[in-house]
>>> print(open('protein.pdb').read())   # PDB, C-alpha atoms
MODEL        1
ATOM      1  CA  GLN A1047      65.747 161.337 103.954  1.00  0.00           C
ATOM      2  CA  VAL A1048      68.360 159.250 102.173  1.00  0.00           C
ATOM      3  CA  GLN A1049      68.577 155.487 102.351  1.00  0.00           C
ATOM      4  CA  LEU A1050      71.629 153.547 101.233  1.00  0.00           C
ATOM      5  CA  VAL A1051      71.622 149.849 100.409  1.00  0.00           C
ATOM      6  CA  GLU A1052      74.869 147.994  99.838  1.00  0.00           C
ATOM      7  CA  SER A1053      75.397 144.713  98.071  1.00  0.00           C
ATOM      8  CA  GLY A1054      78.193 142.566  96.751  1.00  0.00           C
ATOM      9  CA  GLY A1055      80.241 141.573  99.762  1.00  0.00           C
ATOM     10  CA  GLY A1056      81.464 138.057 100.338  1.00  0.00           C
ATOM     11  CA  LEU A1057      84.432 135.737 100.714  1.00  0.00           C
ATOM     12  CA  VAL A1058      87.421 136.000  98.410  1.00  0.00           C
ATOM     13  CA  GLN A1059      90.918 134.546  98.410  1.00  0.00           C
ATOM     14  CA  PRO A1060      93.984 136.733  98.854  1.00  0.00           C
ATOM     15  CA  GLY A1061      94.927 138.334  95.558  1.00  0.00           C
ATOM     16  CA  GLY A1062      91.375 138.128  94.319  1.00  0.00           C
ATOM     17  CA  SER A1063      88.915 140.833  93.339  1.00  0.00           C
ATOM     18  CA  LEU A1064      85.512 141.884  94.551  1.00  0.00           C
ATOM     19  CA  SER A1065      83.129 144.701  93.789  1.00  0.00           C
ATOM     20  CA  VAL A1066      80.605 146.211  96.159  1.00  0.00           C
ATOM     21  CA  SER A1067      77.866 148.634  95.214  1.00  0.00           C
ATOM     22  CA  CYS A1068      75.507 150.999  96.974  1.00  0.00           C
ATOM     23  CA  VAL A1069      72.203 152.379  95.744  1.00  0.00           C
ATOM     24  CA  ALA A1070      70.881 155.614  97.207  1.00  0.00           C
ATOM     25  CA  SER A1071      67.308 156.764  97.409  1.00  0.00           C
ATOM     26  CA  GLY A1072      66.320 160.388  96.897  1.00  0.00           C
ATOM     27  CA  SER A1073      67.107 162.999  94.330  1.00  0.00           C
ATOM     28  CA  MET A1074      70.133 165.060  93.339  1.00  0.00           C
ATOM     29  CA  PHE A1075      72.500 162.168  94.033  1.00  0.00           C
ATOM     30  CA  SER A1076      75.084 163.668  91.701  1.00  0.00           C
ATOM     31  CA  ILE A1077      75.831 166.678  93.884  1.00  0.00           C
ATOM     32  CA  HIS A1078      76.710 164.856  97.082  1.00  0.00           C
ATOM     33  CA  THR A1079      80.007 163.406  98.220  1.00  0.00           C
ATOM     34  CA  VAL A1080      79.888 159.626  98.435  1.00  0.00           C
ATOM     35  CA  GLY A1081      82.354 157.221  99.877  1.00  0.00           C
ATOM     36  CA  TRP A1082      83.225 153.875 101.344  1.00  0.00           C
ATOM     37  CA  TYR A1083      84.413 153.232 104.882  1.00  0.00           C
ATOM     38  CA  ARG A1084      85.277 150.012 106.680  1.00  0.00           C
ATOM     39  CA  GLN A1085      85.333 148.764 110.218  1.00  0.00           C
ATOM     40  CA  THR A1086      86.705 145.747 112.045  1.00  0.00           C
ATOM     41  CA  PRO A1087      85.769 144.659 115.585  1.00  0.00           C
ATOM     42  CA  GLY A1088      87.284 146.866 118.248  1.00  0.00           C
ATOM     43  CA  LYS A1089      88.474 149.497 115.806  1.00  0.00           C
ATOM     44  CA  GLU A1090      87.094 152.798 114.607  1.00  0.00           C
ATOM     45  CA  ARG A1091      85.484 153.123 111.222  1.00  0.00           C
ATOM     46  CA  GLU A1092      88.084 154.248 108.697  1.00  0.00           C
ATOM     47  CA  LEU A1093      87.880 155.958 105.342  1.00  0.00           C
ATOM     48  CA  VAL A1094      88.569 153.805 102.298  1.00  0.00           C
ATOM     49  CA  ALA A1095      87.672 156.077  99.368  1.00  0.00           C
ATOM     50  CA  THR A1096      85.579 159.117  98.552  1.00  0.00           C
ATOM     51  CA  ASP A1097      84.236 160.846  95.455  1.00  0.00           C
ATOM     52  CA  ASN A1098      83.281 164.486  95.929  1.00  0.00           C
ATOM     53  CA  SER A1099      81.072 164.800  92.809  1.00  0.00           C
ATOM     54  CA  TYR A1100      83.505 167.195  91.130  1.00  0.00           C
ATOM     55  CA  GLY A1101      85.478 164.316  89.719  1.00  0.00           C
ATOM     56  CA  SER A1102      87.929 164.269  92.592  1.00  0.00           C
ATOM     57  CA  THR A1103      88.592 161.045  94.459  1.00  0.00           C
ATOM     58  CA  ASP A1104      90.589 160.260  97.554  1.00  0.00           C
ATOM     59  CA  TYR A1105      91.901 156.972  98.884  1.00  0.00           C
ATOM     60  CA  ALA A1106      93.412 155.618 102.053  1.00  0.00           C
ATOM     61  CA  ASP A1107      97.103 154.923 101.562  1.00  0.00           C
ATOM     62  CA  SER A1108      96.528 151.252 102.306  1.00  0.00           C
ATOM     63  CA  VAL A1109      94.266 150.799  99.268  1.00  0.00           C
ATOM     64  CA  LYS A1110      95.806 153.151  96.707  1.00  0.00           C
ATOM     65  CA  GLY A1111      96.497 151.387  93.449  1.00  0.00           C
ATOM     66  CA  ARG A1112      94.254 148.466  94.405  1.00  0.00           C
ATOM     67  CA  PHE A1113      90.782 149.951  94.964  1.00  0.00           C
ATOM     68  CA  THR A1114      88.755 152.190  92.657  1.00  0.00           C
ATOM     69  CA  ILE A1115      85.674 154.182  93.585  1.00  0.00           C
ATOM     70  CA  SER A1116      83.233 155.162  90.862  1.00  0.00           C
ATOM     71  CA  ARG A1117      79.692 156.412  90.588  1.00  0.00           C
ATOM     72  CA  ASP A1118      76.811 156.224  88.140  1.00  0.00           C
ATOM     73  CA  ASN A1119      74.658 159.251  88.830  1.00  0.00           C
ATOM     74  CA  ALA A1120      71.920 158.063  86.479  1.00  0.00           C
ATOM     75  CA  LYS A1121      71.509 154.993  88.697  1.00  0.00           C
ATOM     76  CA  ASN A1122      72.141 156.714  92.052  1.00  0.00           C
ATOM     77  CA  THR A1123      74.867 154.139  92.603  1.00  0.00           C
ATOM     78  CA  VAL A1124      78.413 154.191  93.923  1.00  0.00           C
ATOM     79  CA  TYR A1125      80.804 151.300  93.412  1.00  0.00           C
ATOM     80  CA  LEU A1126      84.021 150.111  94.968  1.00  0.00           C
ATOM     81  CA  GLN A1127      86.166 147.814  92.866  1.00  0.00           C
ATOM     82  CA  MET A1128      88.704 145.993  95.027  1.00  0.00           C
ATOM     83  CA  ASN A1129      91.639 144.218  93.411  1.00  0.00           C
ATOM     84  CA  ASN A1130      94.597 142.344  94.831  1.00  0.00           C
ATOM     85  CA  LEU A1131      92.760 141.903  98.100  1.00  0.00           C
ATOM     86  CA  LYS A1132      94.689 141.168 101.269  1.00  0.00           C
ATOM     87  CA  PRO A1133      93.578 139.534 104.528  1.00  0.00           C
ATOM     88  CA  GLU A1134      93.883 142.932 106.233  1.00  0.00           C
ATOM     89  CA  ASP A1135      91.125 144.228 103.933  1.00  0.00           C
ATOM     90  CA  THR A1136      88.681 142.017 105.799  1.00  0.00           C
ATOM     91  CA  ALA A1137      86.030 144.266 107.332  1.00  0.00           C
ATOM     92  CA  VAL A1138      82.459 145.429 107.159  1.00  0.00           C
ATOM     93  CA  TYR A1139      82.274 147.983 104.368  1.00  0.00           C
ATOM     94  CA  TYR A1140      79.872 150.888 104.726  1.00  0.00           C
ATOM     95  CA  CYS A1141      78.567 153.207 102.057  1.00  0.00           C
ATOM     96  CA  ASN A1142      78.394 156.878 103.001  1.00  0.00           C
ATOM     97  CA  LEU A1143      76.686 159.910 101.519  1.00  0.00           C
ATOM     98  CA  ARG A1144      77.416 163.387 102.883  1.00  0.00           C
ATOM     99  CA  HIS A1145      74.673 165.826 102.018  1.00  0.00           C
ATOM    100  CA  ARG A1146      76.070 168.897 100.349  1.00  0.00           C
ATOM    101  CA  TYR A1147      73.763 171.401 102.008  1.00  0.00           C
ATOM    102  CA  SER A1148      73.090 169.969 105.462  1.00  0.00           C
ATOM    103  CA  GLY A1149      76.422 168.262 105.968  1.00  0.00           C
ATOM    104  CA  ARG A1150      74.584 165.279 107.381  1.00  0.00           C
ATOM    105  CA  ASP A1151      76.092 161.838 106.947  1.00  0.00           C
ATOM    106  CA  TYR A1152      73.971 158.926 105.810  1.00  0.00           C
ATOM    107  CA  TRP A1153      75.141 155.311 106.135  1.00  0.00           C
ATOM    108  CA  GLY A1154      74.237 152.006 104.647  1.00  0.00           C
ATOM    109  CA  GLN A1155      73.772 148.876 106.699  1.00  0.00           C
ATOM    110  CA  GLY A1156      77.193 147.503 105.804  1.00  0.00           C
ATOM    111  CA  THR A1157      78.371 144.510 103.828  1.00  0.00           C
ATOM    112  CA  GLN A1158      80.947 141.978 105.009  1.00  0.00           C
ATOM    113  CA  VAL A1159      84.083 141.442 102.965  1.00  0.00           C
ATOM    114  CA  THR A1160      86.286 138.553 104.046  1.00  0.00           C
ATOM    115  CA  VAL A1161      89.668 137.852 102.485  1.00  0.00           C
ATOM    116  CA  SER A1162      90.882 134.417 103.426  1.00  0.00           C
ATOM    117  CA  SER A1163      92.293 131.270 101.916  1.00  0.00           C
TER     118      SER A1163
ENDMDL
END
>>> encode(input="protein.pdb", output="structure tokens")
Amino acid sequence: QVQLVESGGGLVQPGGSLSVSCVASGSMFSIHTVGWYRQTPGKERELVATDNSYGSTDYADSVKGRFTISRDNAKNTVYLQMNNLKPEDTAVYYCNLRHRYSGRDYWGQGTQVTVSS
């Protein structure tokens, strides 16, 4: 069983920066794909960024060049650095881990990011 705990959300002005992080329990963190998704009321959860553990990352077009996903396998932690934030980035951000062998998705509880002046 994997548990994910996010932290670091909050309120930021447009153009500002914010970093969120997610700590995973369990072993062999380094082999699993991790990612960040976001959701706003009335909309489906959407992919923001993923890291597949082979050094390959993927980003939604809307955040390319502004957001960076990274991981520290020694700390079982995945980060999302968000720069040049826009009001449309406002959402609940969820950490995800996809187990390499079972294919099961694990989710954190979510952290609110609000971009507003």
>>> residues_around(input="protein.pdb", residues="Tyr1152 of chain A", least_positions_apart="2", cutoff="12 Å", atoms="all atoms listed in the file", output="compact mmCIF listing (two decimals) with C-alpha atoms, in the frame of the given file")
# COMPACT_ATOMS: atom_id res chain seq x y z
CA GLN A 1047 65.75 161.34 103.95
CA VAL A 1048 68.36 159.25 102.17
CA GLN A 1049 68.58 155.49 102.35
CA LEU A 1050 71.63 153.55 101.23
CA VAL A 1051 71.62 149.85 100.41
CA CYS A 1068 75.51 151.00 96.97
CA ALA A 1070 70.88 155.61 97.21
CA SER A 1071 67.31 156.76 97.41
CA GLY A 1072 66.32 160.39 96.90
CA HIS A 1078 76.71 164.86 97.08
CA THR A 1079 80.01 163.41 98.22
CA VAL A 1080 79.89 159.63 98.44
CA GLY A 1081 82.35 157.22 99.88
CA TRP A 1082 83.22 153.88 101.34
CA TYR A 1083 84.41 153.23 104.88
CA TYR A 1140 79.87 150.89 104.73
CA CYS A 1141 78.57 153.21 102.06
CA ASN A 1142 78.39 156.88 103.00
CA LEU A 1143 76.69 159.91 101.52
CA ARG A 1144 77.42 163.39 102.88
CA HIS A 1145 74.67 165.83 102.02
CA ARG A 1146 76.07 168.90 100.35
CA SER A 1148 73.09 169.97 105.46
CA GLY A 1149 76.42 168.26 105.97
CA ARG A 1150 74.58 165.28 107.38
CA GLY A 1154 74.24 152.01 104.65
CA GLN A 1155 73.77 148.88 106.70
CA GLY A 1156 77.19 147.50 105.80
>>> resolve_selection(input="protein.pdb", expression="the PyMOL selection byres ((chain A and resi 1129) around 8)", output="VMD selection string")
chain A and resid 1061 to 1064 1112 to 1113 1127 to 1128 1130 to 1131
>>> atom_distance(input="protein.pdb", atom1="atom CA of Lys1132 of chain A", atom2="atom CA of Arg1117 of chain A")
23.9 Å
>>> residues_around(input="protein.pdb", residues="Thr1114 of chain A", least_positions_apart="6", cutoff="10 Å", atoms="all atoms listed in the file", output="PyMOL selection string")
chain A and resi 1065+1094-1096+1103-1105+1125-1129
>>> atom_distance(input="protein.pdb", atom1="atom CA of Gly1055 of chain A", atom2="atom CA of Val1159 of chain A")
5.0 Å
>>> resolve_selection(input="protein.pdb", expression="the PyMOL selection byres ((chain A and resi 1161) around 6)", output="list in words")
Leu1057, Val1058, Gln1059, Pro1060, Pro1133, Thr1136, Thr1160 and Ser1162 of chain A
>>> atom_distance(input="protein.pdb", atom1="atom CA of Ala1120 of chain A", atom2="atom CA of Asp1151 of chain A")
21.2 Å
>>> residues_near_point(input="protein.pdb", point="(88.1, 146.0, 104.3)", cutoff="6 Å", atoms="only C-alpha atoms", output="PyMOL selection string")
chain A and resi 1084+1135-1137
>>> residues_around(input="protein.pdb", residues="Val1069 of chain A", least_positions_apart="3", cutoff="8 Å", atoms="only C-alpha atoms", output="ChimeraX atom specification")
/A:1050-1052,1121-1124
>>> write_last_selection(input="protein.pdb", atoms="C-alpha atoms", output="short mmCIF file (atom, residue, chain, number, x, y, z; two decimals), in the frame of the given file")
data_model
loop_
_atom_site.label_atom_id
_atom_site.label_comp_id
_atom_site.auth_asym_id
_atom_site.auth_seq_id
_atom_site.Cartn_x
_atom_site.Cartn_y
_atom_site.Cartn_z
CA LEU A 1050 71.63 153.55 101.23
CA VAL A 1051 71.62 149.85 100.41
CA GLU A 1052 74.87 147.99 99.84
CA LYS A 1121 71.51 154.99 88.70
CA ASN A 1122 72.14 156.71 92.05
CA THR A 1123 74.87 154.14 92.60
CA VAL A 1124 78.41 154.19 93.92
#
>>> closest_residue(input="protein.pdb", among="A:Ser1073, A:Thr1157, A:Tyr1139, A:Ser1163", to="Gln1085 of chain A", atoms="all atoms listed in the file")
A:Tyr1139
>>> closest_residue(input="protein.pdb", among="A:Val1138, A:Leu1093, A:Trp1153, A:Ile1115", to="Ser1067 of chain A", atoms="only C-alpha atoms")
A:Ile1115
